[in-house]
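Visitor: Please read through the structure below; I'll follow up with questions.
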Amino acid sequence: MEELYFRGYLLPRLPVTGWGAAVPLSAALFSIQHYWQPYNWLLIFALQLIATALVVRLQSVRLGIVMHVLTNSFGILVVLIGVLR
């Protein structure tokens, strides 16, 4: 749902011109929305810069959804490996 809101709804409606300003603004808003993870804000911001730029370039929210699922899965895997050691 986050991707549909941030990339599908909010990104085209941001009050900035050009994707050079919209992409970092969208990534920053997405990072701030993860307020409970302040230790991850820089990583979330960096990953969202890439995801948002690709979504804009390819004009497909699907790629953002896939990237979001993959990054969340990677995070869960890292936590599980740490816990199961």
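Identifiers in the structure tokens: chain A, B, ... in order shown; residue index from 1 per chain; ligand index from 1 in order shown.
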Which residues are near Phe30 in chain A? Cut-off 8 Å, only C-alpha atoms, ignore same chain within fewer than 2 positions. Put them as a PyMOL selection string.

Guide: chain A and resi 6+26-28+32-34+44-45+48

Visitor: Next, dump the selected residues to file, keeping only all heavy atoms, as a PDB file, in the first residue's frame.

Guide:
ATOM      1  N   PHE A   6       2.709   6.383  -2.212  1.00  0.00           N
ATOM      2  CA  PHE A   6       3.842   7.285  -2.443  1.00  0.00           C
ATOM      3  C   PHE A   6       4.231   7.404  -3.910  1.00  0.00           C
ATOM      4  O   PHE A   6       4.607   8.476  -4.365  1.00  0.00           O
ATOM      5  CB  PHE A   6       5.059   6.845  -1.617  1.00  0.00           C
ATOM      6  CG  PHE A   6       4.987   7.304  -0.194  1.00  0.00           C
ATOM      7  CD1 PHE A   6       4.472   6.466   0.778  1.00  0.00           C
ATOM      8  CD2 PHE A   6       5.404   8.557   0.168  1.00  0.00           C
ATOM      9  CE1 PHE A   6       4.392   6.879   2.091  1.00  0.00           C
ATOM     10  CE2 PHE A   6       5.326   8.996   1.475  1.00  0.00           C
ATOM     11  CZ  PHE A   6       4.815   8.155   2.445  1.00  0.00           C
ATOM     12  N   SER A  26      10.058  12.855  -2.652  1.00  0.00           N
ATOM     13  CA  SER A  26       9.268  11.649  -2.413  1.00  0.00           C
ATOM     14  C   SER A  26      10.036  10.668  -1.528  1.00  0.00           C
ATOM     15  O   SER A  26       9.468  10.084  -0.597  1.00  0.00           O
ATOM     16  CB  SER A  26       8.910  10.982  -3.742  1.00  0.00           C
ATOM     17  OG  SER A  26       8.236   9.764  -3.522  1.00  0.00           O
ATOM     18  N   ALA A  27      11.322  10.492  -1.789  1.00  0.00           N
ATOM     19  CA  ALA A  27      12.145   9.588  -0.982  1.00  0.00           C
ATOM     20  C   ALA A  27      12.241  10.085   0.462  1.00  0.00           C
ATOM     21  O   ALA A  27      12.191   9.294   1.404  1.00  0.00           O
ATOM     22  CB  ALA A  27      13.528   9.438  -1.596  1.00  0.00           C
ATOM     23  N   ALA A  28      12.370  11.397   0.638  1.00  0.00           N
ATOM     24  CA  ALA A  28      12.443  11.966   1.988  1.00  0.00           C
ATOM     25  C   ALA A  28      11.133  11.767   2.736  1.00  0.00           C
ATOM     26  O   ALA A  28      11.130  11.379   3.920  1.00  0.00           O
ATOM     27  CB  ALA A  28      12.790  13.448   1.912  1.00  0.00           C
ATOM     28  N   ILE A  32      10.639   9.658   6.191  1.00  0.00           N
ATOM     29  CA  ILE A  32      10.032  10.241   7.388  1.00  0.00           C
ATOM     30  C   ILE A  32       8.812   9.439   7.822  1.00  0.00           C
ATOM     31  O   ILE A  32       8.541   9.305   9.019  1.00  0.00           O
ATOM     32  CB  ILE A  32       9.668  11.718   7.131  1.00  0.00           C
ATOM     33  CG1 ILE A  32      10.949  12.541   6.976  1.00  0.00           C
ATOM     34  CG2 ILE A  32       8.801  12.277   8.240  1.00  0.00           C
ATOM     35  CD1 ILE A  32      10.719  13.937   6.445  1.00  0.00           C
ATOM     36  N   GLN A  33       8.095   8.887   6.866  1.00  0.00           N
ATOM     37  CA  GLN A  33       6.916   8.083   7.188  1.00  0.00           C
ATOM     38  C   GLN A  33       7.309   6.847   7.997  1.00  0.00           C
ATOM     39  O   GLN A  33       6.503   6.298   8.730  1.00  0.00           O
ATOM     40  CB  GLN A  33       6.190   7.683   5.899  1.00  0.00           C
ATOM     41  CG  GLN A  33       4.853   7.035   6.105  1.00  0.00           C
ATOM     42  CD  GLN A  33       4.909   5.526   6.111  1.00  0.00           C
ATOM     43  OE1 GLN A  33       5.832   4.914   5.609  1.00  0.00           O
ATOM     44  NE2 GLN A  33       3.916   4.912   6.695  1.00  0.00           N
ATOM     45  N   HIS A  34       8.567   6.427   7.902  1.00  0.00           N
ATOM     46  CA  HIS A  34       9.068   5.305   8.700  1.00  0.00           C
ATOM     47  C   HIS A  34       9.681   5.848   9.997  1.00  0.00           C
ATOM     48  O   HIS A  34      10.808   5.519  10.361  1.00  0.00           O
ATOM     49  CB  HIS A  34      10.091   4.503   7.895  1.00  0.00           C
ATOM     50  CG  HIS A  34       9.469   3.697   6.810  1.00  0.00           C
ATOM     51  ND1 HIS A  34       9.101   4.237   5.598  1.00  0.00           N
ATOM     52  CD2 HIS A  34       9.109   2.392   6.761  1.00  0.00           C
ATOM     53  CE1 HIS A  34       8.553   3.297   4.856  1.00  0.00           C
ATOM     54  NE2 HIS A  34       8.542   2.170   5.539  1.00  0.00           N
ATOM     55  N   ILE A  44      16.827   3.794   4.068  1.00  0.00           N
ATOM     56  CA  ILE A  44      15.511   3.883   3.425  1.00  0.00           C
ATOM     57  C   ILE A  44      15.519   4.990   2.374  1.00  0.00           C
ATOM     58  O   ILE A  44      15.038   4.801   1.255  1.00  0.00           O
ATOM     59  CB  ILE A  44      14.401   4.111   4.470  1.00  0.00           C
ATOM     60  CG1 ILE A  44      14.233   2.872   5.354  1.00  0.00           C
ATOM     61  CG2 ILE A  44      13.082   4.477   3.804  1.00  0.00           C
ATOM     62  CD1 ILE A  44      13.359   3.094   6.572  1.00  0.00           C
ATOM     63  N   PHE A  45      16.093   6.136   2.722  1.00  0.00           N
ATOM     64  CA  PHE A  45      16.164   7.252   1.783  1.00  0.00           C
ATOM     65  C   PHE A  45      16.954   6.866   0.531  1.00  0.00           C
ATOM     66  O   PHE A  45      16.504   7.104  -0.592  1.00  0.00           O
ATOM     67  CB  PHE A  45      16.798   8.476   2.451  1.00  0.00           C
ATOM     68  CG  PHE A  45      16.932   9.653   1.539  1.00  0.00           C
ATOM     69  CD1 PHE A  45      15.820  10.405   1.191  1.00  0.00           C
ATOM     70  CD2 PHE A  45      18.163  10.020   1.023  1.00  0.00           C
ATOM     71  CE1 PHE A  45      15.926  11.499   0.335  1.00  0.00           C
ATOM     72  CE2 PHE A  45      18.291  11.104   0.181  1.00  0.00           C
ATOM     73  CZ  PHE A  45      17.172  11.844  -0.161  1.00  0.00           C
ATOM     74  N   GLN A  48      15.026   4.375  -1.565  1.00  0.00           N
ATOM     75  CA  GLN A  48      13.868   5.002  -2.189  1.00  0.00           C
ATOM     76  C   GLN A  48      14.257   5.970  -3.303  1.00  0.00           C
ATOM     77  O   GLN A  48      13.487   6.163  -4.234  1.00  0.00           O
ATOM     78  CB  GLN A  48      13.004   5.694  -1.139  1.00  0.00           C
ATOM     79  CG  GLN A  48      12.236   4.722  -0.288  1.00  0.00           C
ATOM     80  CD  GLN A  48      11.426   3.752  -1.125  1.00  0.00           C
ATOM     81  OE1 GLN A  48      10.660   4.135  -2.002  1.00  0.00           O
ATOM     82  NE2 GLN A  48      11.593   2.468  -0.863  1.00  0.00           N
TER      83      GLN A  48
END

Visitor: With DSSP run on the backbone, what are the helix (DSSP H, G or I) residues within chain A? I'd like them as an NGL selection string.

Guide: :A and (2-13 or 19-33 or 38-58 or 61-84)

Visitor: For Arg7 in chain A, which residue out of A:Ile76, A:Ala53, A:Leu70, A:Ile81 is the nearest one, using only C-alpha atoms?

Guide: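 Counting only C-alpha atoms, the residue closest to Arg7 in chain A is A:Ala53.
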
Visitor: Identify, on the basis of only C-alpha atoms, every residue whose closest approach to range 55-57 of chain A does not exceed 12 Å; exclude the query and any residue fewer than 2 positions from it along the same chain; express the result as a PyMOL selection string.

Guide: chain A and resi 3-4+6-8+11-12+18-24+26-27+48-53+59-68

Visitor: Rounded to one decimal, what separation in Å do you get between CA of Glu2 in chain A and CA of Leu42 in chain A?

Guide: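 Going from CA of Glu2 in chain A over to CA of Leu42 in chain A, I get 17.9 Å.
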
Visitor: Give me, please, the distance in Å between CA of Leu47 in chain A and CA of Asn72 in chain A, quoted to one decimal.

Guide: 11.3 Å

Visitor: Could you tell me how far CA of Thr71 in chain A sits from CA of Pro15 in chain A, in Å to one decimal place?

Guide: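 Computing the Euclidean distance for CA of Pro15 in chain A and CA of Thr71 in chain A yields 28.3 Å.
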